[in-house]
>>> print(open('protein-v9.cif').read())   # mmCIF, C-alpha atoms
data_query
#
loop_
_atom_site.group_PDB
_atom_site.id
_atom_site.type_symbol
_atom_site.label_atom_id
_atom_site.label_comp_id
_atom_site.auth_asym_id
_atom_site.auth_seq_id
_atom_site.Cartn_x
_atom_site.Cartn_y
_atom_site.Cartn_z
ATOM 1 C CA MET A 1 100.094 104.385 83.925
ATOM 2 C CA ALA A 2 102.922 102.036 82.962
ATOM 3 C CA VAL A 3 103.548 98.847 84.891
ATOM 4 C CA GLN A 4 106.300 99.421 87.419
ATOM 5 C CA THR A 5 109.062 96.850 87.634
ATOM 6 C CA GLN A 6 110.816 98.646 90.475
ATOM 7 C CA SER A 7 109.247 99.010 93.907
ATOM 8 C CA LEU A 8 108.281 102.505 94.973
ATOM 9 C CA ASN A 9 110.689 102.205 97.885
ATOM 10 C CA GLN A 10 113.570 101.500 95.491
ATOM 11 C CA LEU A 11 112.386 104.283 93.192
ATOM 12 C CA ILE A 12 112.501 106.809 96.028
ATOM 13 C CA LYS A 13 116.022 105.711 96.981
ATOM 14 C CA SER A 14 117.358 105.575 93.422
ATOM 15 C CA ASN A 15 116.138 109.129 92.809
ATOM 16 C CA LYS A 16 117.851 110.281 96.026
ATOM 17 C CA LEU A 17 114.641 111.563 97.566
ATOM 18 C CA ASN A 18 113.692 111.334 101.191
ATOM 19 C CA TYR A 19 110.394 110.044 102.482
ATOM 20 C CA PHE A 20 109.355 113.385 103.956
ATOM 21 C CA GLN A 21 109.678 115.076 100.545
ATOM 22 C CA VAL A 22 107.629 112.402 98.817
ATOM 23 C CA ALA A 23 104.943 112.375 101.510
ATOM 24 C CA HIS A 24 104.696 116.176 101.456
ATOM 25 C CA GLN A 25 104.447 116.261 97.660
ATOM 26 C CA ALA A 26 101.768 113.543 97.733
ATOM 27 C CA GLY A 27 99.805 115.430 100.396
ATOM 28 C CA ILE A 28 100.014 112.674 102.997
ATOM 29 C CA ASN A 29 101.712 112.220 106.355
ATOM 30 C CA ARG A 30 105.175 110.629 106.415
ATOM 31 C CA THR A 31 103.960 107.799 108.652
ATOM 32 C CA THR A 32 101.153 107.100 106.190
ATOM 33 C CA LEU A 33 103.731 106.787 103.420
ATOM 34 C CA TRP A 34 105.835 104.416 105.528
ATOM 35 C CA GLY A 35 102.776 102.292 106.256
ATOM 36 C CA TRP A 36 101.869 102.114 102.584
ATOM 37 C CA LEU A 37 105.415 101.193 101.574
ATOM 38 C CA LYS A 38 105.702 98.553 104.290
ATOM 39 C CA PHE A 39 102.821 96.680 102.690
ATOM 40 C CA GLU A 40 103.366 97.854 99.125
ATOM 41 C CA GLY A 41 101.692 94.772 97.686
ATOM 42 C CA ASP A 42 98.448 95.760 99.408
ATOM 43 C CA MET A 43 98.420 99.338 98.107
ATOM 44 C CA THR A 44 95.530 100.430 95.930
ATOM 45 C CA THR A 45 96.161 101.705 92.429
ATOM 46 C CA ASP A 46 95.262 105.208 93.604
ATOM 47 C CA GLN A 47 97.802 105.055 96.435
ATOM 48 C CA ARG A 48 100.550 103.790 94.090
ATOM 49 C CA ASN A 49 99.742 106.474 91.525
ATOM 50 C CA LYS A 50 99.753 109.207 94.166
ATOM 51 C CA ILE A 51 103.270 108.221 95.272
ATOM 52 C CA PHE A 52 104.526 107.678 91.720
ATOM 53 C CA ILE A 53 103.256 111.106 90.620
ATOM 54 C CA ALA A 54 104.870 112.754 93.664
ATOM 55 C CA ILE A 55 108.226 111.143 92.788
ATOM 56 C CA LYS A 56 107.882 112.246 89.176
ATOM 57 C CA GLU A 57 107.004 115.836 90.172
ATOM 58 C CA LEU A 58 109.947 116.030 92.570
ATOM 59 C CA ASN A 59 112.308 114.786 89.866
ATOM 60 C CA ASN A 60 110.973 117.372 87.412
ATOM 61 C CA GLY A 61 111.633 120.056 90.019
ATOM 62 C CA LYS A 62 115.254 118.930 90.433
ATOM 63 C CA ARG A 63 115.925 119.317 86.716
ATOM 64 C CA LYS A 64 114.852 122.965 86.542
#
>>> encode(input="protein-v9.cif", output="structure tokens")
Amino acid sequence: MAVQTQSLNQLIKSNKLNYFQVAHQAGINRTTLWGWLKFEGDMTTDQRNKIFIAIKELNNGKRK
């Protein structure tokens, strides 16, 4: 996946999504998402990809 210059937190906000939507789409609890985003630098590649894919899927759904 491409290197991200924008933080996931900023990406969620700039796409006008809420954390519950992203967490639900990613299949995780909202508090888990908040914990991951709080320490975004410590996230694994799998965690980052899971959130990034959820954001992408939600954006694709908005365009339909």
>>> residues_around(input="protein-v9.cif", residues="segment 53-55 of chain A", least_positions_apart="6", cutoff="7 Å", atoms="all atoms listed in the file", output="compact mmCIF listing (two decimals) with C-alpha atoms, in the frame of the given file")
# COMPACT_ATOMS: atom_id res chain seq x y z
CA ILE A 12 112.50 106.81 96.03
CA VAL A 22 107.63 112.40 98.82
CA GLN A 25 104.45 116.26 97.66
CA ALA A 26 101.77 113.54 97.73
>>> closest_residue(input="protein-v9.cif", among="A:Gln47, A:Leu11, A:Asn59, A:Glu40", to="Ile28 of chain A", atoms="all atoms listed in the file")
A:Gln47
>>> closest_residue(input="protein-v9.cif", among="A:Leu58, A:Ala23, A:Leu37, A:Met43", to="Asn9 of chain A", atoms="only C-alpha atoms")
A:Leu37
>>> atom_distance(input="protein-v9.cif", atom1="atom CA of Gln6 of chain A", atom2="atom CA of Asp46 of chain A")
17.2 Å
>>> resolve_selection(input="protein-v9.cif", expression="the PyMOL selection byres ((chain A and resi 36) around 12)", output="PDB file with C-alpha atoms, keeping the file's coordinate frame")
ATOM      1  CA  SER A   7     109.247  99.010  93.907  1.00  0.00           C
ATOM      2  CA  LEU A   8     108.281 102.505  94.973  1.00  0.00           C
ATOM      3  CA  ASN A   9     110.689 102.205  97.885  1.00  0.00           C
ATOM      4  CA  TYR A  19     110.394 110.044 102.482  1.00  0.00           C
ATOM      5  CA  ALA A  23     104.943 112.375 101.510  1.00  0.00           C
ATOM      6  CA  ILE A  28     100.014 112.674 102.997  1.00  0.00           C
ATOM      7  CA  ASN A  29     101.712 112.220 106.355  1.00  0.00           C
ATOM      8  CA  ARG A  30     105.175 110.629 106.415  1.00  0.00           C
ATOM      9  CA  THR A  31     103.960 107.799 108.652  1.00  0.00           C
ATOM     10  CA  THR A  32     101.153 107.100 106.190  1.00  0.00           C
ATOM     11  CA  LEU A  33     103.731 106.787 103.420  1.00  0.00           C
ATOM     12  CA  TRP A  34     105.835 104.416 105.528  1.00  0.00           C
ATOM     13  CA  GLY A  35     102.776 102.292 106.256  1.00  0.00           C
ATOM     14  CA  LEU A  37     105.415 101.193 101.574  1.00  0.00           C
ATOM     15  CA  LYS A  38     105.702  98.553 104.290  1.00  0.00           C
ATOM     16  CA  PHE A  39     102.821  96.680 102.690  1.00  0.00           C
ATOM     17  CA  GLU A  40     103.366  97.854  99.125  1.00  0.00           C
ATOM     18  CA  GLY A  41     101.692  94.772  97.686  1.00  0.00           C
ATOM     19  CA  ASP A  42      98.448  95.760  99.408  1.00  0.00           C
ATOM     20  CA  MET A  43      98.420  99.338  98.107  1.00  0.00           C
ATOM     21  CA  THR A  44      95.530 100.430  95.930  1.00  0.00           C
ATOM     22  CA  THR A  45      96.161 101.705  92.429  1.00  0.00           C
ATOM     23  CA  ASP A  46      95.262 105.208  93.604  1.00  0.00           C
ATOM     24  CA  GLN A  47      97.802 105.055  96.435  1.00  0.00           C
ATOM     25  CA  ARG A  48     100.550 103.790  94.090  1.00  0.00           C
ATOM     26  CA  LYS A  50      99.753 109.207  94.166  1.00  0.00           C
ATOM     27  CA  ILE A  51     103.270 108.221  95.272  1.00  0.00           C
TER      28      ILE A  51
END
>>> decode(input="protein-v9.cif", residues="chain A", atoms="C-alpha atoms", output="short mmCIF file (atom, residue, chain, number, x, y, z; two decimals), in the first residue's frame")
data_model
loop_
_atom_site.label_atom_id
_atom_site.label_comp_id
_atom_site.auth_asym_id
_atom_site.auth_seq_id
_atom_site.Cartn_x
_atom_site.Cartn_y
_atom_site.Cartn_z
CA MET A 1 0.00 0.00 0.00
CA ALA A 2 1.16 3.56 -0.65
CA VAL A 3 3.00 5.53 2.00
CA GLN A 4 0.56 7.78 3.81
CA THR A 5 1.55 11.39 4.35
CA GLN A 6 -1.62 12.21 6.25
CA SER A 7 -2.40 10.67 9.63
CA LEU A 8 -5.33 8.29 9.77
CA ASN A 9 -7.01 10.61 12.25
CA GLN A 10 -6.81 13.49 9.76
CA LEU A 11 -7.95 11.19 6.96
CA ILE A 12 -11.07 10.22 8.90
CA LYS A 13 -11.89 13.88 9.59
CA SER A 14 -11.16 15.11 6.07
CA ASN A 15 -13.49 12.46 4.64
CA LYS A 16 -16.22 13.53 7.10
CA LEU A 17 -16.50 10.09 8.66
CA ASN A 18 -17.10 9.37 12.30
CA TYR A 19 -15.07 6.97 14.38
CA PHE A 20 -17.97 4.60 14.97
CA GLN A 21 -18.43 4.12 11.21
CA VAL A 22 -14.75 3.43 10.65
CA ALA A 23 -14.51 1.04 13.60
CA HIS A 24 -17.63 -0.83 12.49
CA GLN A 25 -16.37 -1.13 8.91
CA ALA A 26 -12.98 -2.36 10.17
CA GLY A 27 -14.65 -4.92 12.43
CA ILE A 28 -13.23 -3.51 15.66
CA ASN A 29 -14.63 -1.75 18.71
CA ARG A 30 -14.71 2.06 18.71
CA THR A 31 -12.52 2.21 21.83
CA THR A 32 -9.98 -0.03 20.12
CA LEU A 33 -9.87 2.40 17.20
CA TRP A 34 -9.39 5.35 19.57
CA GLY A 35 -6.56 3.52 21.33
CA TRP A 36 -4.85 2.75 18.04
CA LEU A 37 -5.19 6.34 16.82
CA LYS A 38 -3.93 7.77 20.11
CA PHE A 39 -0.64 5.98 19.57
CA GLU A 40 -0.70 5.92 15.77
CA GLY A 41 3.08 5.75 15.55
CA ASP A 42 3.00 2.41 17.38
CA MET A 43 0.38 0.82 15.12
CA THR A 44 1.34 -2.28 13.18
CA THR A 45 1.13 -2.30 9.40
CA ASP A 46 -1.87 -4.62 9.64
CA GLN A 47 -3.70 -2.24 11.98
CA ARG A 48 -2.98 0.76 9.72
CA ASN A 49 -4.11 -1.16 6.64
CA LYS A 50 -7.30 -2.31 8.34
CA ILE A 51 -8.26 1.29 9.15
CA PHE A 52 -7.15 2.63 5.76
CA ILE A 53 -9.20 -0.02 3.92
CA ALA A 54 -12.25 0.74 6.08
CA ILE A 55 -11.97 4.46 5.22
CA LYS A 56 -11.60 3.64 1.54
CA GLU A 57 -14.62 1.29 1.57
CA LEU A 58 -16.77 3.88 3.35
CA ASN A 59 -15.80 6.52 0.80
CA ASN A 60 -16.66 4.17 -2.07
CA GLY A 61 -20.06 3.62 -0.48
CA LYS A 62 -20.72 7.37 -0.30
CA ARG A 63 -20.12 7.78 -4.03
CA LYS A 64 -22.73 5.22 -5.09
#
